[in-house]
$ cat entry-v3.cif   # mmCIF, N, CA and C atoms
data_model
#
loop_
_atom_site.label_atom_id
_atom_site.label_comp_id
_atom_site.auth_asym_id
_atom_site.auth_seq_id
_atom_site.Cartn_x
_atom_site.Cartn_y
_atom_site.Cartn_z
N MET A 1391 80.72 160.24 144.51
CA MET A 1391 81.90 160.72 145.20
C MET A 1391 81.56 160.95 146.67
N ILE A 1392 82.48 160.59 147.54
CA ILE A 1392 82.31 160.80 148.97
C ILE A 1392 83.54 161.53 149.50
N ALA A 1393 83.34 162.60 150.23
CA ALA A 1393 84.44 163.31 150.88
C ALA A 1393 84.39 162.97 152.37
N GLU A 1394 85.52 162.50 152.91
CA GLU A 1394 85.59 162.17 154.33
C GLU A 1394 86.82 162.83 154.94
N PRO A 1395 86.68 163.34 156.16
CA PRO A 1395 87.86 163.86 156.84
C PRO A 1395 88.87 162.74 157.10
N TYR A 1396 90.17 163.09 157.07
CA TYR A 1396 91.24 162.14 157.34
C TYR A 1396 92.10 162.74 158.44
N LEU A 1397 92.04 162.15 159.62
CA LEU A 1397 92.70 162.71 160.79
C LEU A 1397 93.97 161.93 161.11
N SER A 1398 95.08 162.63 161.28
CA SER A 1398 96.35 162.02 161.64
C SER A 1398 96.65 162.33 163.10
N PHE A 1399 96.71 161.29 163.90
CA PHE A 1399 96.91 161.45 165.34
C PHE A 1399 98.37 161.34 165.76
N GLU A 1400 99.27 161.27 164.82
CA GLU A 1400 100.72 161.31 165.05
C GLU A 1400 101.17 160.39 166.18
N GLY A 1401 100.66 159.15 166.17
CA GLY A 1401 101.08 158.16 167.14
C GLY A 1401 100.03 157.79 168.17
N ARG A 1402 98.87 158.49 168.19
CA ARG A 1402 97.84 158.23 169.20
C ARG A 1402 96.53 157.73 168.59
N ALA A 1403 96.57 157.19 167.38
CA ALA A 1403 95.34 156.78 166.69
C ALA A 1403 94.59 155.69 167.44
N GLU A 1404 95.30 154.69 167.95
CA GLU A 1404 94.61 153.61 168.65
C GLU A 1404 93.88 154.14 169.89
N GLU A 1405 94.52 155.04 170.60
CA GLU A 1405 93.89 155.67 171.77
C GLU A 1405 92.67 156.49 171.34
N ALA A 1406 92.79 157.22 170.23
CA ALA A 1406 91.68 158.03 169.73
C ALA A 1406 90.51 157.14 169.31
N ILE A 1407 90.81 156.05 168.61
CA ILE A 1407 89.75 155.14 168.19
C ILE A 1407 89.00 154.59 169.40
N ALA A 1408 89.73 154.13 170.40
CA ALA A 1408 89.09 153.60 171.62
C ALA A 1408 88.23 154.66 172.29
N PHE A 1409 88.71 155.90 172.33
CA PHE A 1409 87.96 157.01 172.92
C PHE A 1409 86.67 157.25 172.16
N TYR A 1410 86.73 157.30 170.83
CA TYR A 1410 85.54 157.58 170.02
C TYR A 1410 84.54 156.43 170.08
N VAL A 1411 85.01 155.21 170.16
CA VAL A 1411 84.11 154.07 170.30
C VAL A 1411 83.40 154.14 171.65
N ALA A 1412 84.15 154.39 172.72
CA ALA A 1412 83.58 154.40 174.08
C ALA A 1412 82.70 155.60 174.35
N THR A 1413 83.08 156.78 173.89
CA THR A 1413 82.34 157.99 174.27
C THR A 1413 81.32 158.46 173.24
N LEU A 1414 81.58 158.20 171.97
CA LEU A 1414 80.67 158.70 170.93
C LEU A 1414 79.96 157.59 170.16
N GLY A 1415 80.24 156.35 170.51
CA GLY A 1415 79.57 155.24 169.86
C GLY A 1415 80.03 154.97 168.43
N ALA A 1416 81.23 155.41 168.09
CA ALA A 1416 81.77 155.16 166.75
C ALA A 1416 81.94 153.66 166.54
N GLU A 1417 81.87 153.26 165.29
CA GLU A 1417 82.13 151.87 164.92
C GLU A 1417 83.37 151.82 164.04
N VAL A 1418 84.22 150.83 164.27
CA VAL A 1418 85.43 150.65 163.47
C VAL A 1418 85.07 149.79 162.27
N ASP A 1419 85.14 150.38 161.08
CA ASP A 1419 84.82 149.66 159.84
C ASP A 1419 86.03 148.90 159.31
N MET A 1420 87.21 149.48 159.49
CA MET A 1420 88.42 148.91 158.91
C MET A 1420 89.61 149.45 159.68
N MET A 1421 90.65 148.60 159.85
CA MET A 1421 91.88 149.07 160.47
C MET A 1421 93.05 148.29 159.86
N LEU A 1422 94.04 149.02 159.38
CA LEU A 1422 95.23 148.45 158.76
C LEU A 1422 96.44 149.01 159.49
N ARG A 1423 97.28 148.14 159.99
CA ARG A 1423 98.50 148.57 160.68
C ARG A 1423 99.65 148.62 159.69
N PHE A 1424 100.70 149.36 160.04
CA PHE A 1424 101.86 149.45 159.16
C PHE A 1424 102.46 148.08 158.87
N ARG A 1425 102.41 147.15 159.84
CA ARG A 1425 102.95 145.82 159.62
C ARG A 1425 102.18 145.04 158.56
N ASP A 1426 100.94 145.45 158.26
CA ASP A 1426 100.12 144.76 157.27
C ASP A 1426 100.44 145.18 155.83
N ALA A 1427 101.20 146.24 155.66
CA ALA A 1427 101.51 146.77 154.33
C ALA A 1427 102.79 146.13 153.79
N PRO A 1428 102.88 145.99 152.49
CA PRO A 1428 104.14 145.47 151.93
C PRO A 1428 105.26 146.50 152.11
N PRO A 1429 106.50 146.07 152.09
CA PRO A 1429 107.62 147.02 152.19
C PRO A 1429 107.66 147.91 150.94
N PRO A 1430 108.32 149.07 151.05
CA PRO A 1430 108.37 149.99 149.91
C PRO A 1430 108.87 149.35 148.62
N ASP A 1431 109.83 148.44 148.71
CA ASP A 1431 110.37 147.82 147.49
C ASP A 1431 109.42 146.78 146.89
N ALA A 1432 108.31 146.49 147.57
CA ALA A 1432 107.31 145.53 147.06
C ALA A 1432 105.97 146.21 146.81
N GLY A 1433 105.99 147.52 146.61
CA GLY A 1433 104.75 148.24 146.30
C GLY A 1433 104.13 149.00 147.45
N GLY A 1434 104.74 148.94 148.64
CA GLY A 1434 104.22 149.68 149.78
C GLY A 1434 104.57 151.15 149.69
N CYS A 1435 104.09 151.92 150.64
CA CYS A 1435 104.33 153.36 150.68
C CYS A 1435 105.79 153.66 150.99
N GLN A 1436 106.33 154.63 150.32
CA GLN A 1436 107.70 155.08 150.56
C GLN A 1436 107.64 156.40 151.31
N PRO A 1437 108.13 156.45 152.54
CA PRO A 1437 108.10 157.72 153.27
C PRO A 1437 109.09 158.71 152.64
N PRO A 1438 108.95 159.99 152.96
CA PRO A 1438 109.92 160.97 152.45
C PRO A 1438 111.34 160.57 152.86
N GLU A 1439 112.29 160.92 152.03
CA GLU A 1439 113.68 160.55 152.29
C GLU A 1439 114.12 161.04 153.66
N GLY A 1440 114.78 160.15 154.40
CA GLY A 1440 115.26 160.48 155.73
C GLY A 1440 114.23 160.27 156.82
N THR A 1441 113.01 159.89 156.45
CA THR A 1441 111.95 159.66 157.43
C THR A 1441 111.75 158.16 157.58
N PRO A 1442 111.93 157.63 158.78
CA PRO A 1442 111.74 156.19 158.97
C PRO A 1442 110.26 155.83 158.93
N LEU A 1443 109.98 154.58 158.59
CA LEU A 1443 108.61 154.09 158.68
C LEU A 1443 108.19 154.08 160.14
N PRO A 1444 106.92 154.36 160.42
CA PRO A 1444 106.44 154.27 161.80
C PRO A 1444 106.55 152.84 162.32
N PRO A 1445 106.49 152.66 163.63
CA PRO A 1445 106.54 151.31 164.19
C PRO A 1445 105.44 150.43 163.59
N PRO A 1446 105.70 149.14 163.42
CA PRO A 1446 104.75 148.25 162.74
C PRO A 1446 103.39 148.14 163.41
N GLU A 1447 103.31 148.34 164.72
CA GLU A 1447 102.01 148.21 165.41
C GLU A 1447 101.14 149.45 165.27
N LYS A 1448 101.69 150.54 164.77
CA LYS A 1448 100.91 151.77 164.60
C LYS A 1448 99.92 151.63 163.45
N ILE A 1449 98.89 152.47 163.48
CA ILE A 1449 97.80 152.38 162.52
C ILE A 1449 98.10 153.21 161.27
N MET A 1450 98.13 152.51 160.13
CA MET A 1450 98.35 153.17 158.85
C MET A 1450 97.06 153.83 158.37
N HIS A 1451 95.97 153.08 158.36
CA HIS A 1451 94.65 153.60 157.96
C HIS A 1451 93.58 152.90 158.78
N ALA A 1452 92.59 153.65 159.19
CA ALA A 1452 91.39 153.09 159.80
C ALA A 1452 90.21 153.95 159.37
N ARG A 1453 89.03 153.36 159.41
CA ARG A 1453 87.82 154.11 159.08
C ARG A 1453 86.82 153.88 160.20
N LEU A 1454 86.31 154.98 160.73
CA LEU A 1454 85.28 154.95 161.76
C LEU A 1454 83.98 155.47 161.17
N THR A 1455 82.87 154.95 161.68
CA THR A 1455 81.56 155.46 161.28
C THR A 1455 80.89 156.05 162.51
N PHE A 1456 80.41 157.27 162.35
CA PHE A 1456 79.61 157.96 163.36
C PHE A 1456 78.22 158.08 162.74
N GLY A 1457 77.32 157.17 163.08
CA GLY A 1457 76.02 157.15 162.42
C GLY A 1457 76.21 156.79 160.96
N THR A 1458 75.93 157.73 160.06
CA THR A 1458 76.10 157.47 158.63
C THR A 1458 77.35 158.12 158.06
N ALA A 1459 78.10 158.85 158.88
CA ALA A 1459 79.27 159.59 158.39
C ALA A 1459 80.55 158.82 158.70
N GLY A 1460 81.47 158.82 157.74
CA GLY A 1460 82.75 158.17 157.92
C GLY A 1460 83.86 159.16 158.20
N VAL A 1461 84.83 158.74 159.00
CA VAL A 1461 86.02 159.52 159.28
C VAL A 1461 87.21 158.56 159.18
N MET A 1462 88.22 158.95 158.41
CA MET A 1462 89.44 158.16 158.28
C MET A 1462 90.42 158.60 159.38
N VAL A 1463 91.20 157.64 159.88
CA VAL A 1463 92.10 157.88 161.00
C VAL A 1463 93.44 157.20 160.71
N SER A 1464 94.52 157.84 161.17
CA SER A 1464 95.86 157.28 161.00
C SER A 1464 96.77 157.75 162.13
N ASP A 1465 97.86 157.03 162.32
CA ASP A 1465 98.93 157.50 163.19
C ASP A 1465 99.86 158.44 162.43
N GLY A 1466 99.65 158.56 161.13
CA GLY A 1466 100.54 159.40 160.32
C GLY A 1466 101.95 158.84 160.38
N MET A 1467 102.90 159.71 160.48
CA MET A 1467 104.30 159.29 160.56
C MET A 1467 104.80 159.29 162.00
N CYS A 1468 103.88 159.44 162.97
CA CYS A 1468 104.24 159.42 164.40
C CYS A 1468 105.29 160.47 164.71
N MET A 1469 105.08 161.67 164.19
CA MET A 1469 106.09 162.73 164.30
C MET A 1469 105.87 163.72 165.44
N GLY A 1470 104.79 163.58 166.21
CA GLY A 1470 104.63 164.55 167.28
C GLY A 1470 103.21 164.66 167.79
N ASP A 1471 102.87 165.80 168.30
CA ASP A 1471 101.61 166.06 168.97
C ASP A 1471 100.51 166.38 167.96
N SER A 1472 99.44 165.62 167.99
CA SER A 1472 98.33 165.85 167.06
C SER A 1472 97.63 167.18 167.32
N LYS A 1473 97.68 167.70 168.54
CA LYS A 1473 96.99 168.95 168.84
C LYS A 1473 97.50 170.10 167.98
N ALA A 1474 98.75 170.05 167.56
CA ALA A 1474 99.30 171.11 166.71
C ALA A 1474 98.79 170.98 165.27
N VAL A 1475 98.25 169.82 164.91
CA VAL A 1475 97.82 169.54 163.55
C VAL A 1475 96.38 169.97 163.29
N PHE A 1476 95.52 169.85 164.28
CA PHE A 1476 94.08 170.03 164.08
C PHE A 1476 93.66 171.49 164.21
N THR A 1477 93.87 172.25 163.14
CA THR A 1477 93.46 173.65 163.09
C THR A 1477 92.74 173.92 161.77
N GLY A 1478 91.88 174.92 161.76
CA GLY A 1478 91.24 175.35 160.54
C GLY A 1478 90.02 174.54 160.12
N PHE A 1479 89.51 173.67 160.98
CA PHE A 1479 88.33 172.89 160.65
C PHE A 1479 87.67 172.43 161.95
N ALA A 1480 86.47 171.90 161.83
CA ALA A 1480 85.78 171.24 162.94
C ALA A 1480 84.92 170.13 162.35
N LEU A 1481 84.74 169.06 163.11
CA LEU A 1481 83.81 168.01 162.73
C LEU A 1481 82.48 168.35 163.39
N SER A 1482 81.40 168.15 162.67
CA SER A 1482 80.07 168.48 163.18
C SER A 1482 79.30 167.20 163.46
N LEU A 1483 78.75 167.12 164.66
CA LEU A 1483 77.91 165.99 165.05
C LEU A 1483 76.48 166.47 165.22
N SER A 1484 75.58 166.01 164.36
CA SER A 1484 74.16 166.33 164.50
C SER A 1484 73.51 165.22 165.30
N VAL A 1485 72.84 165.61 166.37
CA VAL A 1485 72.18 164.64 167.24
C VAL A 1485 70.68 164.93 167.28
N ALA A 1486 69.92 163.97 167.79
CA ALA A 1486 68.46 164.03 167.72
C ALA A 1486 67.83 165.10 168.61
N ASP A 1487 68.40 165.34 169.80
CA ASP A 1487 67.74 166.24 170.74
C ASP A 1487 68.75 166.85 171.72
N PRO A 1488 68.30 167.83 172.50
CA PRO A 1488 69.21 168.49 173.46
C PRO A 1488 69.83 167.56 174.50
N SER A 1489 69.11 166.54 174.95
CA SER A 1489 69.71 165.65 175.95
C SER A 1489 70.87 164.85 175.35
N GLU A 1490 70.74 164.42 174.11
CA GLU A 1490 71.84 163.73 173.43
C GLU A 1490 72.99 164.71 173.19
N ALA A 1491 72.66 165.96 172.87
CA ALA A 1491 73.70 166.98 172.69
C ALA A 1491 74.48 167.18 173.99
N GLU A 1492 73.79 167.22 175.10
CA GLU A 1492 74.46 167.37 176.40
C GLU A 1492 75.39 166.20 176.67
N ARG A 1493 74.95 164.97 176.41
CA ARG A 1493 75.77 163.79 176.66
C ARG A 1493 77.02 163.81 175.79
N VAL A 1494 76.85 164.09 174.49
CA VAL A 1494 77.97 164.07 173.55
C VAL A 1494 78.95 165.21 173.86
N TYR A 1495 78.43 166.40 174.09
CA TYR A 1495 79.28 167.55 174.40
C TYR A 1495 80.11 167.27 175.66
N ALA A 1496 79.46 166.75 176.70
CA ALA A 1496 80.18 166.45 177.95
C ALA A 1496 81.24 165.38 177.72
N ALA A 1497 80.93 164.37 176.91
CA ALA A 1497 81.92 163.31 176.64
C ALA A 1497 83.17 163.88 175.98
N ILE A 1498 82.98 164.86 175.12
CA ILE A 1498 84.13 165.47 174.43
C ILE A 1498 84.86 166.45 175.34
N ALA A 1499 84.11 167.34 175.97
CA ALA A 1499 84.72 168.45 176.71
C ALA A 1499 85.30 168.06 178.08
N THR A 1500 84.75 167.03 178.72
CA THR A 1500 85.18 166.75 180.09
C THR A 1500 86.13 165.58 180.23
N ASN A 1501 86.41 164.87 179.16
CA ASN A 1501 87.36 163.75 179.22
C ASN A 1501 88.71 164.18 178.68
N GLY A 1502 89.25 165.25 179.24
CA GLY A 1502 90.54 165.77 178.78
C GLY A 1502 90.41 166.80 177.67
N GLY A 1503 89.17 167.10 177.29
CA GLY A 1503 88.94 168.08 176.22
C GLY A 1503 88.82 169.49 176.75
N THR A 1504 88.47 170.41 175.84
CA THR A 1504 88.35 171.82 176.17
C THR A 1504 87.08 172.40 175.58
N ALA A 1505 86.25 173.00 176.40
CA ALA A 1505 85.06 173.68 175.91
C ALA A 1505 85.50 174.94 175.16
N GLN A 1506 85.01 175.12 173.96
CA GLN A 1506 85.34 176.31 173.17
C GLN A 1506 84.15 177.25 173.07
N MET A 1507 82.95 176.71 173.00
CA MET A 1507 81.71 177.47 173.06
C MET A 1507 80.74 176.63 173.86
N PRO A 1508 80.22 177.17 174.95
CA PRO A 1508 79.32 176.38 175.79
C PRO A 1508 78.10 175.90 175.01
N LEU A 1509 77.60 174.74 175.40
CA LEU A 1509 76.38 174.21 174.80
C LEU A 1509 75.23 175.13 175.21
N GLN A 1510 74.48 175.61 174.22
CA GLN A 1510 73.42 176.58 174.49
C GLN A 1510 72.40 176.59 173.36
N ALA A 1511 71.23 177.13 173.65
CA ALA A 1511 70.22 177.31 172.61
C ALA A 1511 70.65 178.45 171.69
N THR A 1512 70.42 178.26 170.41
CA THR A 1512 70.72 179.30 169.42
C THR A 1512 69.49 179.47 168.53
N PHE A 1513 69.56 180.40 167.61
CA PHE A 1513 68.44 180.59 166.69
C PHE A 1513 68.27 179.43 165.72
N PHE A 1514 69.30 178.59 165.56
CA PHE A 1514 69.23 177.48 164.61
C PHE A 1514 69.18 176.11 165.28
N SER A 1515 69.33 176.06 166.60
CA SER A 1515 69.34 174.78 167.30
C SER A 1515 68.96 174.97 168.76
N PRO A 1516 68.24 174.00 169.34
CA PRO A 1516 67.94 174.09 170.76
C PRO A 1516 69.16 173.81 171.65
N ALA A 1517 70.23 173.27 171.05
CA ALA A 1517 71.47 173.01 171.80
C ALA A 1517 72.63 172.92 170.81
N PHE A 1518 73.54 173.90 170.91
CA PHE A 1518 74.71 173.94 170.04
C PHE A 1518 75.92 174.33 170.87
N GLY A 1519 77.04 173.64 170.64
CA GLY A 1519 78.27 174.00 171.33
C GLY A 1519 79.47 173.44 170.60
N ILE A 1520 80.65 173.95 170.94
CA ILE A 1520 81.89 173.51 170.31
C ILE A 1520 82.88 173.15 171.41
N ALA A 1521 83.51 171.99 171.25
CA ALA A 1521 84.54 171.55 172.19
C ALA A 1521 85.62 170.80 171.42
N ALA A 1522 86.85 170.94 171.86
CA ALA A 1522 87.95 170.15 171.30
C ALA A 1522 88.17 168.96 172.22
N ASP A 1523 88.34 167.79 171.63
CA ASP A 1523 88.58 166.61 172.47
C ASP A 1523 90.03 166.58 172.96
N LYS A 1524 90.39 165.57 173.70
CA LYS A 1524 91.72 165.50 174.31
C LYS A 1524 92.84 165.34 173.29
N PHE A 1525 92.50 165.08 172.03
CA PHE A 1525 93.49 164.98 170.97
C PHE A 1525 93.63 166.28 170.19
N GLY A 1526 92.76 167.25 170.52
CA GLY A 1526 92.78 168.53 169.83
C GLY A 1526 91.80 168.64 168.68
N VAL A 1527 91.01 167.60 168.41
CA VAL A 1527 90.04 167.64 167.31
C VAL A 1527 88.84 168.47 167.75
N PRO A 1528 88.51 169.53 167.01
CA PRO A 1528 87.33 170.35 167.36
C PRO A 1528 86.05 169.70 166.85
N TRP A 1529 85.03 169.68 167.71
CA TRP A 1529 83.72 169.10 167.39
C TRP A 1529 82.64 170.15 167.62
N MET A 1530 81.77 170.32 166.64
CA MET A 1530 80.57 171.14 166.80
C MET A 1530 79.42 170.17 167.06
N VAL A 1531 78.74 170.32 168.17
CA VAL A 1531 77.62 169.46 168.53
C VAL A 1531 76.35 170.28 168.32
N VAL A 1532 75.43 169.74 167.52
CA VAL A 1532 74.21 170.48 167.21
C VAL A 1532 73.00 169.56 167.30
N ALA A 1533 72.05 169.94 168.14
CA ALA A 1533 70.79 169.19 168.23
C ALA A 1533 69.86 169.67 167.14
N GLN A 1534 69.14 168.73 166.55
CA GLN A 1534 68.21 169.08 165.50
C GLN A 1534 67.02 169.82 166.07
N GLN A 1535 66.46 170.74 165.28
CA GLN A 1535 65.25 171.46 165.65
C GLN A 1535 64.08 170.50 165.63
N ALA A 1536 63.18 170.64 166.61
CA ALA A 1536 61.95 169.84 166.60
C ALA A 1536 61.06 170.35 165.48
N ASN A 1537 60.37 169.44 164.82
CA ASN A 1537 59.47 169.84 163.73
C ASN A 1537 58.11 170.16 164.22
#

$ encode --input "entry-v3.cif" --output "structure tokens"
Amino acid sequence: MIAEPYLSFEGRAEEAIAFYVATLGAEVDMMLRFRDAPPPDAGGCQPPEGTPLPPPEKIMHARLTFGTAGVMVSDGMCMGDSKAVFTGFALSLSVADPSEAERVYAAIATNGGTAQMPLQATFFSPAFGIAADKFGVPWMVVAQQAN
């Protein structure tokens, strides 16, 4: 069994994917647009009554890999601002050393993001910090302890 976060960007998934590829080195494993799915009467997804299907070019499902970890991504139903959705969790990025932690933290916090806890040495890591990216996704960046 594998548990993976599933993030709905409410219409900004393609922008988020490009951002994560460019700034965090994510790889796109799979991407399916709404136009690729069959219509509801042919076995496709049926949205809640009164809710239109998102535009065909929007992303229904995508999977990104960050090192060995996978994250699922979608435009959802394109109903609004993703920043209102991303609460009550954080994604954690473990990196090899403090210099990589600095690069990753800066990529998240300074490209339209928000620093929530400055990157700093802690009792469990030589560099740990929390920042929300420009989409509102909170990231905990933690450098591994030297052995």

$ closest_residue --input "entry-v3.cif" --among "A:Gly1519, A:Pro1437, A:Gly1457, A:Pro1442" --to "Gly1415 (chain A)" --atoms "only N, CA and C atoms"
A:Gly1457

$ axis_aligned_box --input "entry-v3.cif" --around "region 1515-1518 of chain A" --padding-each-side "8 Å" --output "AutoDock Vina command-line options"
--center_x 71.9 --center_y 174.5 --center_z 169.2 --size_x 24.0 --size_y 19.1 --size_z 21.2

$ residues_around --input "entry-v3.cif" --residues "region 1396-1413 of chain A" --least-positions-apart "6" --cutoff "5 Å" --atoms "only N, CA and C atoms" --output "PyMOL selection string"
chain A and resi 1462-1466+1468-1470+1472

$ residues_around --input "entry-v3.cif" --residues "Leu1509 (chain A)" --least-positions-apart "5" --cutoff "6 Å" --atoms "all atoms listed in the file" --output "list in words"
Ala1517, Phe1518, Gly1519 and Ile1520 of chain A

$ resolve_selection --input "entry-v3.cif" --expression "the PyMOL selection byres ((chain A and resi 1421-1430) around 8)" --output "list in words"
Val1418, Asp1419, Met1420, Asp1431, Ala1432, Gly1433, Gly1434, Cys1435, Gln1436, Pro1437, Leu1443, Pro1444, Pro1445, Pro1446, Glu1447, Lys1448, Ile1449, Met1450, His1451, Ala1452, Arg1453 and Leu1454 of chain A

$ select_by_dssp --input "entry-v3.cif" --residues "chain A" --states "strand (DSSP E or B)" --output "PyMOL selection string"
chain A and resi 1396-1398+1417-1423+1449-1456+1459-1464+1481-1485+1504-1510+1518-1522+1528-1533

$ write_last_selection --input "entry-v3.cif" --atoms "N, CA and C atoms" --output "short mmCIF file (atom, residue, chain, number, x, y, z; two decimals), in the coordinates of the input"
data_model
loop_
_atom_site.label_atom_id
_atom_site.label_comp_id
_atom_site.auth_asym_id
_atom_site.auth_seq_id
_atom_site.Cartn_x
_atom_site.Cartn_y
_atom_site.Cartn_z
N TYR A 1396 90.17 163.09 157.07
CA TYR A 1396 91.24 162.14 157.34
C TYR A 1396 92.10 162.74 158.44
N LEU A 1397 92.04 162.15 159.62
CA LEU A 1397 92.70 162.71 160.79
C LEU A 1397 93.97 161.93 161.11
N SER A 1398 95.08 162.63 161.28
CA SER A 1398 96.35 162.02 161.64
C SER A 1398 96.65 162.33 163.10
N GLU A 1417 81.87 153.26 165.29
CA GLU A 1417 82.13 151.87 164.92
C GLU A 1417 83.37 151.82 164.04
N VAL A 1418 84.22 150.83 164.27
CA VAL A 1418 85.43 150.65 163.47
C VAL A 1418 85.07 149.79 162.27
N ASP A 1419 85.14 150.38 161.08
CA ASP A 1419 84.82 149.66 159.84
C ASP A 1419 86.03 148.90 159.31
N MET A 1420 87.21 149.48 159.49
CA MET A 1420 88.42 148.91 158.91
C MET A 1420 89.61 149.45 159.68
N MET A 1421 90.65 148.60 159.85
CA MET A 1421 91.88 149.07 160.47
C MET A 1421 93.05 148.29 159.86
N LEU A 1422 94.04 149.02 159.38
CA LEU A 1422 95.23 148.45 158.76
C LEU A 1422 96.44 149.01 159.49
N ARG A 1423 97.28 148.14 159.99
CA ARG A 1423 98.50 148.57 160.68
C ARG A 1423 99.65 148.62 159.69
N ILE A 1449 98.89 152.47 163.48
CA ILE A 1449 97.80 152.38 162.52
C ILE A 1449 98.10 153.21 161.27
N MET A 1450 98.13 152.51 160.13
CA MET A 1450 98.35 153.17 158.85
C MET A 1450 97.06 153.83 158.37
N HIS A 1451 95.97 153.08 158.36
CA HIS A 1451 94.65 153.60 157.96
C HIS A 1451 93.58 152.90 158.78
N ALA A 1452 92.59 153.65 159.19
CA ALA A 1452 91.39 153.09 159.80
C ALA A 1452 90.21 153.95 159.37
N ARG A 1453 89.03 153.36 159.41
CA ARG A 1453 87.82 154.11 159.08
C ARG A 1453 86.82 153.88 160.20
N LEU A 1454 86.31 154.98 160.73
CA LEU A 1454 85.28 154.95 161.76
C LEU A 1454 83.98 155.47 161.17
N THR A 1455 82.87 154.95 161.68
CA THR A 1455 81.56 155.46 161.28
C THR A 1455 80.89 156.05 162.51
N PHE A 1456 80.41 157.27 162.35
CA PHE A 1456 79.61 157.96 163.36
C PHE A 1456 78.22 158.08 162.74
N ALA A 1459 78.10 158.85 158.88
CA ALA A 1459 79.27 159.59 158.39
C ALA A 1459 80.55 158.82 158.70
N GLY A 1460 81.47 158.82 157.74
CA GLY A 1460 82.75 158.17 157.92
C GLY A 1460 83.86 159.16 158.20
N VAL A 1461 84.83 158.74 159.00
CA VAL A 1461 86.02 159.52 159.28
C VAL A 1461 87.21 158.56 159.18
N MET A 1462 88.22 158.95 158.41
CA MET A 1462 89.44 158.16 158.28
C MET A 1462 90.42 158.60 159.38
N VAL A 1463 91.20 157.64 159.88
CA VAL A 1463 92.10 157.88 161.00
C VAL A 1463 93.44 157.20 160.71
N SER A 1464 94.52 157.84 161.17
CA SER A 1464 95.86 157.28 161.00
C SER A 1464 96.77 157.75 162.13
N LEU A 1481 84.74 169.06 163.11
CA LEU A 1481 83.81 168.01 162.73
C LEU A 1481 82.48 168.35 163.39
N SER A 1482 81.40 168.15 162.67
CA SER A 1482 80.07 168.48 163.18
C SER A 1482 79.30 167.20 163.46
N LEU A 1483 78.75 167.12 164.66
CA LEU A 1483 77.91 165.99 165.05
C LEU A 1483 76.48 166.47 165.22
N SER A 1484 75.58 166.01 164.36
CA SER A 1484 74.16 166.33 164.50
C SER A 1484 73.51 165.22 165.30
N VAL A 1485 72.84 165.61 166.37
CA VAL A 1485 72.18 164.64 167.24
C VAL A 1485 70.68 164.93 167.28
N THR A 1504 88.47 170.41 175.84
CA THR A 1504 88.35 171.82 176.17
C THR A 1504 87.08 172.40 175.58
N ALA A 1505 86.25 173.00 176.40
CA ALA A 1505 85.06 173.68 175.91
C ALA A 1505 85.50 174.94 175.16
N GLN A 1506 85.01 175.12 173.96
CA GLN A 1506 85.34 176.31 173.17
C GLN A 1506 84.15 177.25 173.07
N MET A 1507 82.95 176.71 173.00
CA MET A 1507 81.71 177.47 173.06
C MET A 1507 80.74 176.63 173.86
N PRO A 1508 80.22 177.17 174.95
CA PRO A 1508 79.32 176.38 175.79
C PRO A 1508 78.10 175.90 175.01
N LEU A 1509 77.60 174.74 175.40
CA LEU A 1509 76.38 174.21 174.80
C LEU A 1509 75.23 175.13 175.21
N GLN A 1510 74.48 175.61 174.22
CA GLN A 1510 73.42 176.58 174.49
C GLN A 1510 72.40 176.59 173.36
N PHE A 1518 73.54 173.90 170.91
CA PHE A 1518 74.71 173.94 170.04
C PHE A 1518 75.92 174.33 170.87
N GLY A 1519 77.04 173.64 170.64
CA GLY A 1519 78.27 174.00 171.33
C GLY A 1519 79.47 173.44 170.60
N ILE A 1520 80.65 173.95 170.94
CA ILE A 1520 81.89 173.51 170.31
C ILE A 1520 82.88 173.15 171.41
N ALA A 1521 83.51 171.99 171.25
CA ALA A 1521 84.54 171.55 172.19
C ALA A 1521 85.62 170.80 171.42
N ALA A 1522 86.85 170.94 171.86
CA ALA A 1522 87.95 170.15 171.30
C ALA A 1522 88.17 168.96 172.22
N PRO A 1528 88.51 169.53 167.01
CA PRO A 1528 87.33 170.35 167.36
C PRO A 1528 86.05 169.70 166.85
N TRP A 1529 85.03 169.68 167.71
CA TRP A 1529 83.72 169.10 167.39
C TRP A 1529 82.64 170.15 167.62
N MET A 1530 81.77 170.32 166.64
CA MET A 1530 80.57 171.14 166.80
C MET A 1530 79.42 170.17 167.06
N VAL A 1531 78.74 170.32 168.17
CA VAL A 1531 77.62 169.46 168.53
C VAL A 1531 76.35 170.28 168.32
N VAL A 1532 75.43 169.74 167.52
CA VAL A 1532 74.21 170.48 167.21
C VAL A 1532 73.00 169.56 167.30
N ALA A 1533 72.05 169.94 168.14
CA ALA A 1533 70.79 169.19 168.23
C ALA A 1533 69.86 169.67 167.14
#

$ closest_residue --input "entry-v3.cif" --among "A:Phe1476, A:Pro1488, A:Tyr1495, A:Pro1516" --to "Pro1528 (chain A)" --atoms "only N, CA and C atoms"
A:Phe1476

$ select_by_dssp --input "entry-v3.cif" --residues "region 1412-1535 of chain A" --states "alpha helix (DSSP H)" --output "list of chain:residue names"
A:Ala1412, A:Thr1413, A:Leu1414, A:Pro1488, A:Ser1489, A:Glu1490, A:Ala1491, A:Glu1492, A:Arg1493, A:Val1494, A:Tyr1495, A:Ala1496, A:Ala1497, A:Ile1498, A:Ala1499

$ atom_distance --input "entry-v3.cif" --atom1 "CA of Ala1393 (chain A)" --atom2 "atom C of Leu1483 (chain A)"
16.7 Å

$ resolve_selection --input "entry-v3.cif" --expression "the PyMOL selection byres ((chain A and resi 1482) around 6)" --output "VMD selection string"
chain A and resid 1480 to 1481 1483 to 1484 1529 to 1531

$ atom_distance --input "entry-v3.cif" --atom1 "atom N of Ser1489 (chain A)" --atom2 "atom C of Val1461 (chain A)"
25.3 Å

$ atom_distance --input "entry-v3.cif" --atom1 "CA of Thr1504 (chain A)" --atom2 "atom N of Asp1523 (chain A)"
6.1 Å

$ residues_near_point --input "entry-v3.cif" --point "(71.3, 165.3, 164.9)" --cutoff "8 Å" --atoms "only C-alpha atoms" --output "list of chain:residue names"
A:Leu1483, A:Ser1484, A:Val1485, A:Ala1486, A:Asp1487, A:Val1532, A:Ala1533, A:Gln1534
